[in-house]
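Trainee: I'm passing along coords-v2.pdb; it holds PDB, C-alpha atoms (C1' of nucleotides).
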ATOM      1  CA  MET A 489     -18.460  25.096  10.534
ATOM      2  CA  LYS A 490     -18.614  28.831  10.003
ATOM      3  CA  ALA A 491     -16.556  30.940  12.393
ATOM      4  CA  ASP A 492     -18.378  32.976  15.014
ATOM      5  CA  THR A 493     -21.291  30.544  15.263
ATOM      6  CA  LEU A 494     -19.574  29.140  18.321
ATOM      7  CA  ARG A 495     -19.803  32.475  20.020
ATOM      8  CA  GLY A 496     -21.649  32.360  23.313
ATOM      9  CA  HIS A 497     -21.583  28.561  23.458
ATOM     10  CA  LEU A 498     -17.950  27.949  24.328
ATOM     11  CA  ASP A 499     -18.513  27.951  28.085
ATOM     12  CA  ALA A 500     -21.265  25.384  27.737
ATOM     13  CA  LEU A 501     -19.018  23.115  25.678
ATOM     14  CA  LEU A 502     -16.168  23.265  28.160
ATOM     15  CA  LEU A 503     -18.432  22.646  31.126
ATOM     16  CA  ALA A 504     -20.154  19.770  29.354
ATOM     17  CA  VAL A 505     -16.953  18.011  28.391
ATOM     18  CA  LEU A 506     -15.835  18.153  32.030
ATOM     19  CA  ASP A 507     -19.126  16.772  33.314
ATOM     20  CA  GLY A 508     -18.276  13.780  35.470
ATOM     21  CA  ARG A 509     -14.551  13.686  34.745
ATOM     22  CA  LYS A 510     -11.294  15.548  35.177
ATOM     23  CA  LEU A 511      -9.297  16.598  32.140
ATOM     24  CA  HIS A 512      -6.388  18.879  31.362
ATOM     25  CA  GLY A 513      -6.548  21.523  28.634
ATOM     26  CA  TYR A 514      -4.958  19.570  25.833
ATOM     27  CA  ALA A 515      -7.145  16.546  26.568
ATOM     28  CA  ILE A 516     -10.243  18.757  26.528
ATOM     29  CA  ILE A 517      -9.465  19.797  22.966
ATOM     30  CA  GLU A 518      -8.979  16.165  21.968
ATOM     31  CA  ALA A 519     -12.147  15.067  23.737
ATOM     32  CA  LEU A 520     -14.161  17.674  21.825
ATOM     33  CA  GLN A 521     -12.642  16.550  18.540
ATOM     34  CA  LEU A 522     -13.475  12.959  19.355
ATOM     35  CA  ARG A 523     -17.071  13.636  20.349
ATOM     36  CA  THR A 524     -17.752  15.676  17.239
ATOM     37  CA  ASP A 525     -15.881  13.551  14.715
ATOM     38  CA  GLY A 526     -13.382  16.325  14.160
ATOM     39  CA  ALA A 527     -15.946  19.046  13.524
ATOM     40  CA  LEU A 528     -14.809  20.963  16.583
ATOM     41  CA  ASP A 529     -11.097  21.694  16.570
ATOM     42  CA  LEU A 530     -10.640  24.501  19.054
ATOM     43  CA  PRO A 531      -7.313  26.338  19.017
ATOM     44  CA  THR A 532      -5.349  26.446  22.248
ATOM     45  CA  GLY A 533      -5.595  30.238  22.214
ATOM     46  CA  THR A 534      -9.333  29.806  22.589
ATOM     47  CA  VAL A 535      -9.407  27.058  25.183
ATOM     48  CA  TYR A 536      -6.738  28.032  27.699
ATOM     49  CA  PRO A 537      -7.936  31.571  28.337
ATOM     50  CA  ALA A 538     -11.511  30.294  28.551
ATOM     51  CA  LEU A 539     -10.584  27.709  31.176
ATOM     52  CA  ARG A 540      -8.894  30.354  33.312
ATOM     53  CA  ARG A 541     -11.924  32.588  32.939
ATOM     54  CA  LEU A 542     -14.235  29.785  34.040
ATOM     55  CA  GLU A 543     -11.985  29.088  36.983
ATOM     56  CA  ARG A 544     -12.060  32.752  38.004
ATOM     57  CA  ALA A 545     -15.841  32.552  37.770
ATOM     58  CA  GLY A 546     -15.746  29.706  40.263
ATOM     59  CA  TRP A 547     -17.142  27.122  37.875
ATOM     60  CA  LEU A 548     -13.941  25.137  37.519
ATOM     61  CA  ALA A 549     -11.186  24.163  39.919
ATOM     62  CA  SER A 550      -7.720  23.113  38.802
ATOM     63  CA  GLU A 551      -4.639  21.440  40.165
ATOM     64  CA  TRP A 552      -1.200  20.768  38.764
ATOM     65  CA  ASP A 553       0.027  17.273  38.359
ATOM     66  CA  VAL A 554       3.087  15.872  36.643
ATOM     67  CA  VAL A 555       2.815  12.929  34.258
ATOM     68  CA  SER A 556       6.078  11.538  32.880
ATOM     69  CA  GLY A 557       7.891  14.805  33.355
ATOM     70  CA  ARG A 558       5.160  16.938  31.781
ATOM     71  CA  LYS A 559       3.195  19.399  33.831
ATOM     72  CA  ARG A 560      -0.554  19.366  33.410
ATOM     73  CA  ARG A 561      -3.210  21.569  34.869
ATOM     74  CA  THR A 562      -6.196  19.345  35.434
ATOM     75  CA  TYR A 563      -9.656  20.876  35.613
ATOM     76  CA  ARG A 564     -12.864  19.661  37.212
ATOM     77  CA  LEU A 565     -16.325  21.107  37.694
ATOM     78  CA  THR A 566     -17.152  22.733  41.009
ATOM     79  CA  ARG A 567     -20.590  22.532  42.547
ATOM     80  CA  SER A 568     -21.549  25.881  41.086
ATOM     81  CA  GLY A 569     -20.026  24.765  37.793
ATOM     82  CA  GLU A 570     -22.512  21.905  37.732
ATOM     83  CA  GLN A 571     -25.311  24.370  38.288
ATOM     84  CA  ALA A 572     -23.926  26.599  35.555
ATOM     85  CA  LEU A 573     -23.841  23.618  33.210
ATOM     86  CA  ALA A 574     -27.472  22.850  33.928
ATOM     87  CA  ALA A 575     -28.336  26.484  33.210
ATOM     88  CA  GLU A 576     -26.332  26.412  29.983
ATOM     89  CA  ARG A 577     -28.183  23.296  28.859
ATOM     90  CA  THR A 578     -31.512  24.963  29.501
ATOM     91  CA  GLU A 579     -30.395  28.027  27.590
ATOM     92  CA  TRP A 580     -29.202  25.878  24.727
ATOM     93  CA  ARG A 581     -32.608  24.244  24.408
ATOM     94  CA  GLU A 582     -34.311  27.646  24.450
ATOM     95  CA  PHE A 583     -31.869  29.010  21.932
ATOM     96  CA  THR A 584     -32.329  26.154  19.472
ATOM     97  CA  ALA A 585     -36.097  26.312  19.898
ATOM     98  CA  VAL A 586     -36.165  30.021  19.094
ATOM     99  CA  ILE A 587     -33.785  30.056  16.144
ATOM    100  CA  GLY A 588     -34.904  26.664  14.858
ATOM    101  CA  GLY A 589     -38.491  27.791  15.070
ATOM    102  CA  VAL A 590     -37.778  30.634  12.709
ATOM    103  CA  LEU A 591     -35.610  28.644  10.317
ATOM    104  CA  GLU A 592     -38.023  25.762   9.997
ATOM    105  CA  ALA A 593     -41.267  27.696   9.960
TER     106      ALA A 593
ATOM    107  CA  MET B1066     -31.704  34.948  25.686
ATOM    108  CA  LYS B1067     -28.062  35.715  26.320
ATOM    109  CA  ALA B1068     -26.530  38.264  23.983
ATOM    110  CA  ASP B1069     -23.891  37.058  21.517
ATOM    111  CA  THR B1070     -25.451  33.644  21.118
ATOM    112  CA  LEU B1071     -27.138  35.092  18.065
ATOM    113  CA  ARG B1072     -23.816  35.726  16.473
ATOM    114  CA  GLY B1073     -23.398  34.013  13.154
ATOM    115  CA  HIS B1074     -27.088  33.213  12.831
ATOM    116  CA  LEU B1075     -28.514  36.636  12.064
ATOM    117  CA  ASP B1076     -28.268  36.243   8.310
ATOM    118  CA  ALA B1077     -30.127  32.955   8.465
ATOM    119  CA  LEU B1078     -32.916  34.520  10.517
ATOM    120  CA  LEU B1079     -33.372  37.426   8.127
ATOM    121  CA  LEU B1080     -33.353  35.208   5.063
ATOM    122  CA  ALA B1081     -35.795  32.780   6.682
ATOM    123  CA  VAL B1082     -38.266  35.453   7.685
ATOM    124  CA  LEU B1083     -38.302  36.720   4.099
ATOM    125  CA  ASP B1084     -38.840  33.254   2.662
ATOM    126  CA  GLY B1085     -41.888  33.471   0.410
ATOM    127  CA  ARG B1086     -42.877  37.030   1.270
ATOM    128  CA  LYS B1087     -41.811  40.643   1.001
ATOM    129  CA  LEU B1088     -41.342  42.711   4.159
ATOM    130  CA  HIS B1089     -39.823  46.043   5.123
ATOM    131  CA  GLY B1090     -37.297  46.393   7.940
ATOM    132  CA  TYR B1091     -39.647  47.367  10.703
ATOM    133  CA  ALA B1092     -42.043  44.572   9.777
ATOM    134  CA  ILE B1093     -39.171  42.075   9.796
ATOM    135  CA  ILE B1094     -38.452  42.926  13.412
ATOM    136  CA  GLU B1095     -42.116  42.503  14.295
ATOM    137  CA  ALA B1096     -42.391  39.239  12.385
ATOM    138  CA  LEU B1097     -39.447  37.821  14.327
ATOM    139  CA  GLN B1098     -40.975  38.911  17.624
ATOM    140  CA  LEU B1099     -44.238  37.289  16.651
ATOM    141  CA  ARG B1100     -42.713  33.997  15.559
ATOM    142  CA  THR B1101     -40.656  33.668  18.714
ATOM    143  CA  ASP B1102     -43.234  34.899  21.235
ATOM    144  CA  GLY B1103     -41.148  37.970  21.961
ATOM    145  CA  ALA B1104     -37.915  36.058  22.612
ATOM    146  CA  LEU B1105     -36.220  37.738  19.659
ATOM    147  CA  ASP B1106     -36.387  41.519  19.805
ATOM    148  CA  LEU B1107     -33.697  42.715  17.441
ATOM    149  CA  PRO B1108     -32.698  46.377  17.655
ATOM    150  CA  THR B1109     -32.976  48.447  14.491
ATOM    151  CA  GLY B1110     -29.242  49.112  14.640
ATOM    152  CA  THR B1111     -28.740  45.404  14.141
ATOM    153  CA  VAL B1112     -31.333  44.770  11.453
ATOM    154  CA  TYR B1113     -30.953  47.696   9.063
ATOM    155  CA  PRO B1114     -27.204  47.379   8.524
ATOM    156  CA  ALA B1115     -27.612  43.613   8.154
ATOM    157  CA  LEU B1116     -30.275  44.027   5.476
ATOM    158  CA  ARG B1117     -28.035  46.358   3.486
ATOM    159  CA  ARG B1118     -25.180  43.922   3.839
ATOM    160  CA  LEU B1119     -27.316  41.055   2.567
ATOM    161  CA  GLU B1120     -28.431  43.204  -0.337
ATOM    162  CA  ARG B1121     -24.829  44.029  -1.222
ATOM    163  CA  ALA B1122     -24.151  40.287  -1.109
ATOM    164  CA  GLY B1123     -26.873  39.817  -3.712
ATOM    165  CA  TRP B1124     -29.125  37.761  -1.454
ATOM    166  CA  LEU B1125     -31.817  40.412  -1.076
ATOM    167  CA  ALA B1126     -33.352  42.952  -3.418
ATOM    168  CA  SER B1127     -35.187  46.034  -2.234
ATOM    169  CA  GLU B1128     -37.512  48.699  -3.548
ATOM    170  CA  TRP B1129     -39.011  51.832  -2.064
ATOM    171  CA  ASP B1130     -42.713  52.163  -1.746
ATOM    172  CA  VAL B1131     -44.858  54.741   0.020
ATOM    173  CA  VAL B1132     -47.714  53.702   2.295
ATOM    174  CA  SER B1133     -49.877  56.492   3.732
ATOM    175  CA  GLY B1134     -47.100  59.030   3.440
ATOM    176  CA  ARG B1135     -44.453  56.817   4.984
ATOM    177  CA  LYS B1136     -41.522  55.554   2.979
ATOM    178  CA  ARG B1137     -40.690  51.905   3.243
ATOM    179  CA  ARG B1138     -37.886  49.903   1.782
ATOM    180  CA  THR B1139     -39.324  46.501   1.047
ATOM    181  CA  TYR B1140     -37.019  43.496   0.814
ATOM    182  CA  ARG B1141     -37.414  40.161  -0.925
ATOM    183  CA  LEU B1142     -35.163  37.149  -1.476
ATOM    184  CA  THR B1143     -33.300  36.867  -4.745
ATOM    185  CA  ARG B1144     -32.672  33.523  -6.403
ATOM    186  CA  SER B1145     -29.215  33.317  -4.863
ATOM    187  CA  GLY B1146     -30.746  34.416  -1.559
ATOM    188  CA  GLU B1147     -32.938  31.322  -1.681
ATOM    189  CA  GLN B1148     -29.871  29.200  -2.244
ATOM    190  CA  ALA B1149     -28.107  30.950   0.613
ATOM    191  CA  LEU B1150     -31.091  30.254   2.864
ATOM    192  CA  ALA B1151     -30.957  26.570   1.996
ATOM    193  CA  ALA B1152     -27.243  26.550   2.819
ATOM    194  CA  GLU B1153     -27.866  28.364   6.106
ATOM    195  CA  ARG B1154     -30.490  25.789   7.059
ATOM    196  CA  THR B1155     -28.073  22.969   6.382
ATOM    197  CA  GLU B1156     -25.406  24.690   8.428
ATOM    198  CA  TRP B1157     -27.869  25.233  11.253
ATOM    199  CA  ARG B1158     -28.644  21.536  11.409
ATOM    200  CA  GLU B1159     -24.950  20.670  11.439
ATOM    201  CA  PHE B1160     -24.265  23.279  14.082
ATOM    202  CA  THR B1161     -27.000  22.062  16.428
ATOM    203  CA  ALA B1162     -25.943  18.445  15.897
ATOM    204  CA  VAL B1163     -22.350  19.222  16.828
ATOM    205  CA  ILE B1164     -22.974  21.434  19.853
ATOM    206  CA  GLY B1165     -26.038  19.522  20.981
ATOM    207  CA  GLY B1166     -24.107  16.282  20.694
ATOM    208  CA  VAL B1167     -21.581  17.551  23.206
ATOM    209  CA  LEU B1168     -24.102  19.120  25.562
ATOM    210  CA  GLU B1169     -26.333  16.085  25.721
ATOM    211  CA  ALA B1170     -23.699  13.377  25.751
TER     212      ALA B1170
ATOM    213  C1'  DG C  29      20.722  16.369  16.152
ATOM    214  C1'  DG C  30      16.352  17.243  14.445
ATOM    215  C1'  DC C  31      11.583  16.332  14.207
ATOM    216  C1'  DT C  32       6.934  15.515  16.033
ATOM    217  C1'  DA C  33       3.630  15.188  19.649
ATOM    218  C1'  DC C  34       2.515  16.852  23.995
ATOM    219  C1'  DA C  35       1.396  20.820  27.054
ATOM    220  C1'  DC C  36       0.625  25.603  28.722
ATOM    221  C1'  DG C  37       0.140  30.316  28.073
ATOM    222  C1'  DT C  38      -0.359  35.581  26.379
ATOM    223  C1'  DA C  39      -0.916  39.853  23.330
ATOM    224  C1'  DG C  40      -3.331  41.828  20.126
ATOM    225  C1'  DC C  41      -6.421  41.625  16.090
ATOM    226  C1'  DC C  42     -10.860  41.085  13.917
ATOM    227  C1'  DT C  43     -15.545  41.320  13.212
ATOM    228  C1'  DG C  44     -20.350  41.190  14.001
ATOM    229  C1'  DT C  45     -23.787  42.725  17.116
ATOM    230  C1'  DC C  46     -25.444  46.333  20.173
ATOM    231  C1'  DT C  47     -25.940  51.124  22.110
ATOM    232  C1'  DA C  48     -26.920  55.553  21.311
ATOM    233  C1'  DC C  49     -28.111  58.883  18.479
ATOM    234  C1'  DA C  50     -30.299  61.474  14.408
ATOM    235  C1'  DT C  51     -34.229  62.258  11.278
ATOM    236  C1'  DG C  52     -38.925  62.522   9.853
ATOM    237  C1'  DT C  53     -44.284  61.372   9.197
ATOM    238  C1'  DA C  54     -49.107  60.097  10.902
ATOM    239  C1'  DG C  55     -52.521  60.119  14.148
ATOM    240  C1'  DC C  56     -54.470  60.658  18.642
ATOM    241  C1'  DC C  57     -55.743  63.385  22.607
ATOM    242  C1'  DA C  58     -56.102  67.137  25.725
TER     243       DA C  58
ATOM    244  C1'  DT D 968     -51.573  73.515  18.776
ATOM    245  C1'  DG D 969     -48.604  71.166  21.316
ATOM    246  C1'  DG D 970     -47.001  66.945  22.865
ATOM    247  C1'  DC D 971     -46.927  62.103  22.802
ATOM    248  C1'  DT D 972     -46.720  57.491  20.730
ATOM    249  C1'  DA D 973     -46.178  54.398  16.955
ATOM    250  C1'  DC D 974     -44.138  53.900  12.636
ATOM    251  C1'  DA D 975     -39.925  53.864   9.771
ATOM    252  C1'  DT D 976     -34.977  54.249   8.291
ATOM    253  C1'  DG D 977     -30.411  54.933   9.078
ATOM    254  C1'  DT D 978     -25.224  55.769  10.958
ATOM    255  C1'  DA D 979     -21.090  56.050  14.194
ATOM    256  C1'  DG D 980     -18.744  54.094  17.502
ATOM    257  C1'  DA D 981     -18.320  50.931  21.529
ATOM    258  C1'  DC D 982     -17.798  46.352  22.991
ATOM    259  C1'  DA D 983     -16.631  41.583  23.578
ATOM    260  C1'  DG D 984     -15.408  37.093  22.628
ATOM    261  C1'  DG D 985     -13.026  33.939  19.894
ATOM    262  C1'  DC D 986      -8.959  33.539  16.764
ATOM    263  C1'  DT D 987      -4.148  34.258  14.983
ATOM    264  C1'  DA D 988       0.318  34.329  15.868
ATOM    265  C1'  DC D 989       3.544  34.003  18.923
ATOM    266  C1'  DG D 990       6.688  32.102  22.886
ATOM    267  C1'  DT D 991       8.246  28.414  26.134
ATOM    268  C1'  DG D 992       9.568  23.813  27.385
ATOM    269  C1'  DT D 993       9.657  18.307  27.792
ATOM    270  C1'  DA D 994       9.568  13.386  25.918
ATOM    271  C1'  DG D 995      10.548  10.196  22.642
ATOM    272  C1'  DC D 996      11.680   8.509  18.158
ATOM    273  C1'  DC D 997      14.753   7.970  14.178
TER     274       DC D 997
END
How does this structure look as structure tokens?
Mentor:
Amino acid sequence: MKADTLRGHLDALLLAVLDGRKLHGYAIIEALQLRTDGALDLPTGTVYPALRRLERAGWLASEWDVVSGRKRRTYRLTRSGEQALAAERTEWREFTAVIGGVLEA
Amino acid sequence: MKADTLRGHLDALLLAVLDGRKLHGYAIIEALQLRTDGALDLPTGTVYPALRRLERAGWLASEWDVVSGRKRRTYRLTRSGEQALAAERTEWREFTAVIGGVLEA
DNA sequence: GGCTACACGTAGCCTGTCTACATGTAGCCA
DNA sequence: TGGCTACATGTAGACAGGCTACGTGTAGCC
């Protein structure tokens, strides 16, 4: 997939992958790979800063836990994160309708 | 529509709107507004540089014509522009499948 | 002892879109 | 005739978000 196409949709992806479950950063990357058959392979330098940004925005909450000696910061959606996800989904549908409408006219 | 979501899809939009017809820059902006019910209102500072870039890439060809005293640069797709459009459409479908697959899982 | 997988994180670059500006014609209206 | 709006093209520079390239450290295998 061409670079830059992701732009503006990263937040939606991260919120969506955390919908209904708690995951730590590394697992989020793997979950996105799995769901997209490897098409989405986000670099850590993209994901970690984004997660912190979403937490600052109040959409995610995190806590440290230690699994077999390794520290993990586990993220989950907050209430307002769920609302943000719903809004992102609506925007995604609008976006695809607009661009798709032009491309397939 | 949120800014930046457009990123990476502008070329596809411009090629698509020129599919099968010749238009000048200003008319391209209007055509996109029309097709999207006003949702897409691209600024001239976005469109004009993009058109020149696509022409340098060999995907568009342009010629000057004068209509009632006003100069217009009219663009049309080249053969390789048509191929590029087909490729952009394929990429669009892949893109929406990947992102949509995550958002609607 | 070295390698790979796991796990988190930051600094700075890169690039494509947008903002703001500059230029000029045609036509309407007061 | 002076000003306004719509038409029409274009550039310079700001901006922002994702990516590249680093740095750190543990666990487990061979």
Trainee: Output as a list in words the set of chain B residues within 6 Å of chain A, with distances taken over all atoms listed in the file.
Mentor: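 Listed by rising number, the hits are Asp1069, Thr1070, Arg1072, Gly1073, Ala1081, Thr1101, Val1163 and Leu1168 of chain B.
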Trainee: To one decimal place, how far is C1' of DT993 (chain D) from CA of Pro531 (chain A) in Å?
Mentor: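 Rounded to one decimal, the two atoms are 20.7 Å apart.
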Trainee: Any idea what's packed within 12 Å of DG55 (chain C), counting only C-alpha atoms (C1' of nucleotides), ignoring anything in its chain fewer than 6 positions away? Could you give it as a ChimeraX atom specification?
Mentor: /B:1133 /D:971-974
Trainee: Determine which residues of chain A sit within 7 Å of chain D, taking into account only C-alpha atoms (C1' of nucleotides), and present them as a list in words.
Mentor: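 Applying the cut-off to the listed atoms yields Arg495, Thr534, Gly557 and Arg558 of chain A.
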Trainee: Produce a file of the selected residues containing C-alpha atoms, as a CSV table (one decimal), in the frame of the given file.
Mentor:
chain,number,residue,atom,x,y,z
A,495,ARG,CA,-19.8,32.5,20.0
A,534,THR,CA,-9.3,29.8,22.6
A,557,GLY,CA,7.9,14.8,33.4
A,558,ARG,CA,5.2,16.9,31.8
Trainee: If we count all atoms listed in the file, which residues of chain A reach to within 8 Å of chain C? Please list them as a VMD selection string.
Mentor: chain A and resid 514 536 558 to 560
Trainee: What's the separation between CA of Thr1155 (chain B) and CA of Arg1086 (chain B), in Å to one decimal place?
Mentor: 21.0 Å
Trainee: Evaluate the PyMOL selection byres ((chain A and resi 542-547) around 10) here and jot the selected residues down as a list in words.
Mentor: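 Applied to this file, the PyMOL selection byres ((chain A and resi 542-547) around 10) returns Asp499, Leu502, Leu503, Tyr536, Pro537, Ala538, Leu539, Arg540, Arg541, Leu548, Ala549, Ser550, Tyr563, Arg564, Leu565, Thr566, Arg567, Ser568, Gly569, Glu570, Gln571, Ala572 and Leu573 of chain A.
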Trainee: Distance CA of Leu511 (chain A)-CA of Thr562 (chain A), one decimal place?
Mentor: 5.3 Å
Trainee: Could you put an axis-aligned box around every listed atom of region 31-41 of chain C, padded by 4 Å on each side, and send me its centre and edge lengths in Å to one decimal, as AutoDock Vina command-line options?
Mentor:
--center_x 2.6 --center_y 28.5 --center_z 21.5 --size_x 26.0 --size_y 34.6 --size_z 22.5
